[in-house]
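Trainee: Let me begin by handing over the structure; questions about it come next.
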Amino acid sequence: MSLDPKDWKAFKAKAHAHLDTLLDHVEGIADGPVWQPVPAEVATRLNEPPPLAGQGLDAVLDEFARSILPYGTGNPHPRFFGWVHGAGTPSGILAEAAAAALNSNCGGRDHAAILVEKTVVSWFCRIFGLGPTSGGLLVSGTSTANLLAVAIARNGKIGASARAKGNSGIPLVGYTSTEGHSCLNKAFELLGLGGDSLRRIPVDDSFRIRNDALEAAISADLNNGLVPFIVAATAGTVNSGAFDDLRAVASLCKAHDLWFHVDGAFGSLSALSPSLRFLTDGIDRADSIAFDMHKWLHVPYDAGCILVRDLALQRAAFGGRPDYLLTGRALAGGDLWPADLGLELSRGFRALKVWFAVKEFGFDALGEAIAENCRLALLFAAKAARHPILQVMAPVSLNIVCCRLVPPSLPPERWDQFNADVVAALQEKGVAAPSTCRIDDKLCIRVCIVNHRTTERDMDILLDELVKLAERV
């Protein structure tokens, strides 16, 4: 039984109409609410039993338009300031459709999708200056990339026996800052190292890892018979966008023979902007780098990447195929398969949407969009700092402003809850969608600008709404 349309002409008409619906949605995104909750009746309708009989394409498209399309996360909207979500582009829709049409399995074999991924990876190796032996792999996101990096570093420290015998009782320990991402803990847990084996090093007043404290922790562990093996520096912390001193961390890692990893989920891409590139000084000395393309490159979710200075070490950590997958002639050919570099054999064509975005806009324009987001963050912080009811709680290192409403009519012990309520109110009104974080154990309104559609007017709207909500107390 074929699942192709019986009437291709009619199907194409419906497909074109559906594409128009999607593009109309993106074109008018700024005119609607940033976010709106899924109504109870819609949630009930979506919670349906398994459909044994098909409903037909018309019914499915109609249900999508009514029950799913209006209730997204909101990140394509110019006033989505929560977390670090890329905005996407209209051409990203076309790239995803093209990948679906090819339906390539990018675990390996000899076909164009594999070549595209290798090309895309090589672009970023050159951007970050990793050298001719480098390479990498596209993955779902930086959480997975960090996991792979820790695995490669562990295997490199222990040797070839790690894959068969695990840690063999070797007491490995690693390091990141107190601002490092929580996924690093998960990586240590999943690899059997234990979350306690990841040392959380204090940060300075700019929320960068304190290198004196890092060196002291390494020395203490060595004196106690432990085996340090990795430092995960951060290029753009999730709370405030702070950058560790990558060059200093690189030198410390070299002195102690440690793997130098950079979690650069979004901040590492500031290397694309001439005015921001200084922040990533030293990233070219990294042994591995993890970052996302679905953030500041605005490709559709999901698309992350791990880069490794010495690709042979990545292959040693993950290579090895059963007989039925061994390289042969024709389609079974290809020297290095992506499956040799990570966990997945079945992989989608993630590289195509990255290739589309970079080819369409170029790295220079993408860098300009990043720089504009950072300019808007500085502008918003300056305006907020001038307002007596707002406090800016952290230096603006990149594109994140952490601020806090301090209404004099409320006692300070109620300010945390008030700021949380204001963030929820902004989201529920659909006006803007910031998030929250804690700075010095104080709950803050976190304004993260990652959207190429955001303008100064959007920042002014957010500021006005914050002040209005505070003045109503």
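Letters for chains follow the order of the structure tokens (A, B, ...), residue numbers begin at 1 for each chain, and ligand numbers begin at 1 in the order shown.
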What's the 9 Å shell around A:Leu378, counting only C-alpha atoms, without same-chain residues fewer than 5 positions away, as a list in words?
Mentor: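 Near A:Leu378, the qualifying residues are Asn373, Lys383, Val396, Ser397, Leu398, Asn399, Ile400 and Val401 of chain A.
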Trainee: Selected residues, C-alpha atoms, written as a PDB file, in the first residue's frame, please.
Mentor:
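Written file, out-v7.pdb:
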ATOM      1  CA  ASN A 373      21.371  42.185  20.049  1.00  0.00           C
ATOM      2  CA  LYS A 383      17.792  53.037  30.559  1.00  0.00           C
ATOM      3  CA  VAL A 396      26.167  43.293  30.794  1.00  0.00           C
ATOM      4  CA  SER A 397      28.805  41.065  29.235  1.00  0.00           C
ATOM      5  CA  LEU A 398      26.912  40.213  26.086  1.00  0.00           C
ATOM      6  CA  ASN A 399      23.165  40.152  25.379  1.00  0.00           C
ATOM      7  CA  ILE A 400      21.644  39.495  28.813  1.00  0.00           C
ATOM      8  CA  VAL A 401      20.381  42.109  31.263  1.00  0.00           C
TER       9      VAL A 401
END
Trainee: Give me the residues near A:Gly225 as a list in words, where near means some atom within 10 Å (using only C-alpha atoms) and where sequence neighbours in that chain fewer than 6 positions away do not count.
Mentor: Ile170, Pro171 and Leu172 of chain A
Trainee: Give me the residues of stretch 283-380 of chain A that have any atom at most 10 Å from an atom of stretch 116-120 of chain A; for each, the nearest atom pair and the distance in Å, rounded to one decimal. Use only C-alpha atoms, sort by chain and number, and format it as a tab-separated table.
Mentor:
residue	atom	partner	partner_atom	distance
A:Leu336	CA	A:Lys118	CA	9.8
A:Trp337	CA	A:Lys118	CA	9.9
A:Pro338	CA	A:Glu117	CA	8.9
A:Phe349	CA	A:Glu117	CA	8.1
A:Arg350	CA	A:Glu117	CA	7.9
A:Ala351	CA	A:Glu117	CA	5.0
A:Leu352	CA	A:Val116	CA	6.9
A:Val354	CA	A:Val120	CA	7.3
A:Trp355	CA	A:Val120	CA	6.4
A:Val358	CA	A:Val120	CA	9.0
Trainee: Excluding stretch 87-90 of chain A and any residue of its chain fewer than 5 positions from it, enumerate the residues within 6 Å of it, using only C-alpha atoms, and give them as a ChimeraX atom specification.
Mentor: /A:75-76,298-300,451
Trainee: So that I can see what lies close to A:Pro202, please list as a list in words the residues with an atom at most 8 Å from it, counting only C-alpha atoms and leaving out residues fewer than 3 positions away in the same chain.
Mentor: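 Listing them by chain and then by number gives Ser177, Thr178, Ile209, Arg210 and Ala213 of chain A.
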Trainee: Find the residues around A:Ala365 up to 12 Å (only C-alpha atoms counted), leave out those fewer than 4 positions away in its own chain, and share them as a ChimeraX atom specification.
Mentor: /A:272-274,296-297,357-361,369-372,452
Trainee: Quick check, in Å to one decimal: how far apart do atom CA of A:Val34 and atom CA of A:Cys437 lie?
Mentor: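 Rounded to one decimal, the two atoms are 20.0 Å apart.
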Trainee: A:Leu3: which residues within 12 Å, counting only C-alpha atoms, same-chain residues fewer than 5 positions away excluded, as a list in words?
Mentor: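 Returned residues: Trp8, Gly54, Gly56 and Leu57 of chain A.
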Trainee: Report as a list in words all protein, DNA and RNA residues lying within 8 Å of stretch 455-467 of chain A, evaluated on only C-alpha atoms, omitting residues in the same chain fewer than 3 positions from it.
Mentor: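 In the requested format, the answer is Pro78, Arg79, Leu376, Phe380, Ala384, Ile389, Leu405, Val422, Leu426, Val431, Ala432, Ala470 and Glu471 of chain A.
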Trainee: Rounded to one decimal in Å, what is the spacing between atom CA of A:Val231 and atom CA of A:Tyr175?
Mentor: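 Separation of atom CA of A:Val231 and atom CA of A:Tyr175: 4.7 Å.
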Trainee: Could you tell me which of A:Trp35, A:Trp415, A:Phe11, A:Phe291 comes closest to A:Val308 if we count only C-alpha atoms?
Mentor: A:Phe291
Trainee: Which residue gives the smallest distance to A:Thr21 among A:Pro70, A:Glu179, A:Gln427, A:His77, with only C-alpha atoms counted?
Mentor: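 Looking only at the distances to A:Thr21, the closest residue turns out to be A:Pro70.
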Trainee: For each of A:Ala220, A:Leu46, A:Val26, A:Val121, take the minimum atom-to-atom distance to A:Gly135, counting only C-alpha atoms, then give the residue where this is smallest.
Mentor: A:Val121
Trainee: Please indicate the distance in Å from atom CA of A:Phe363 to atom CA of A:Gly180, rounded to one decimal place.
Mentor: 27.2 Å
Trainee: Using DSSP on the backbone coordinates, identify the residues of stretch 88-322 of chain A assigned to alpha helix (DSSP H); present them as number ranges by chain.
Mentor: A: 90-102, 112-127, 142-158, 162-165, 183-190, 211-223, 246-256, 311-318
Trainee: So, counting only C-alpha atoms, which residue among A:Leu138, A:Met293, A:Ala303, A:Ile449 is closest to A:Gly107?
Mentor: A:Leu138
Trainee: Hey, could you make a per-residue contact list for stretch 221-255 of chain A against stretch 190-200 of chain A with 12 Å as the cut-off, showing the nearest pair of atoms and its distance in Å to one decimal, counting only C-alpha atoms, sorted by chain and number, as JSON lines?
Mentor:
{"residue": "A:Asp221", "atom": "CA", "partner": "A:Arg199", "partner_atom": "CA", "distance": 10.0}
{"residue": "A:Leu226", "atom": "CA", "partner": "A:Ser197", "partner_atom": "CA", "distance": 9.8}
{"residue": "A:Val227", "atom": "CA", "partner": "A:Ser197", "partner_atom": "CA", "distance": 10.1}
{"residue": "A:Pro228", "atom": "CA", "partner": "A:Ser197", "partner_atom": "CA", "distance": 9.4}
{"residue": "A:Phe229", "atom": "CA", "partner": "A:Leu198", "partner_atom": "CA", "distance": 10.4}
{"residue": "A:Ile230", "atom": "CA", "partner": "A:Leu198", "partner_atom": "CA", "distance": 9.3}
{"residue": "A:Val231", "atom": "CA", "partner": "A:Leu198", "partner_atom": "CA", "distance": 9.3}
{"residue": "A:Ala232", "atom": "CA", "partner": "A:Leu198", "partner_atom": "CA", "distance": 9.7}
{"residue": "A:Ala233", "atom": "CA", "partner": "A:Arg200", "partner_atom": "CA", "distance": 11.2}
Trainee: Per DSSP on the backbone, filter stretch 130-159 of chain A down to the residues in strand (DSSP E or B) and report them as number ranges by chain.
Mentor: A: 135-139
Trainee: For a quick check of understanding, using only C-alpha atoms, which of A:Ala97, A:Cys402, A:Ala425, A:Val42 has the smallest distance to A:Val447?
Mentor: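 Going through A:Ala97, A:Cys402, A:Ala425, A:Val42 one by one, the smallest distance to A:Val447 is for A:Cys402.
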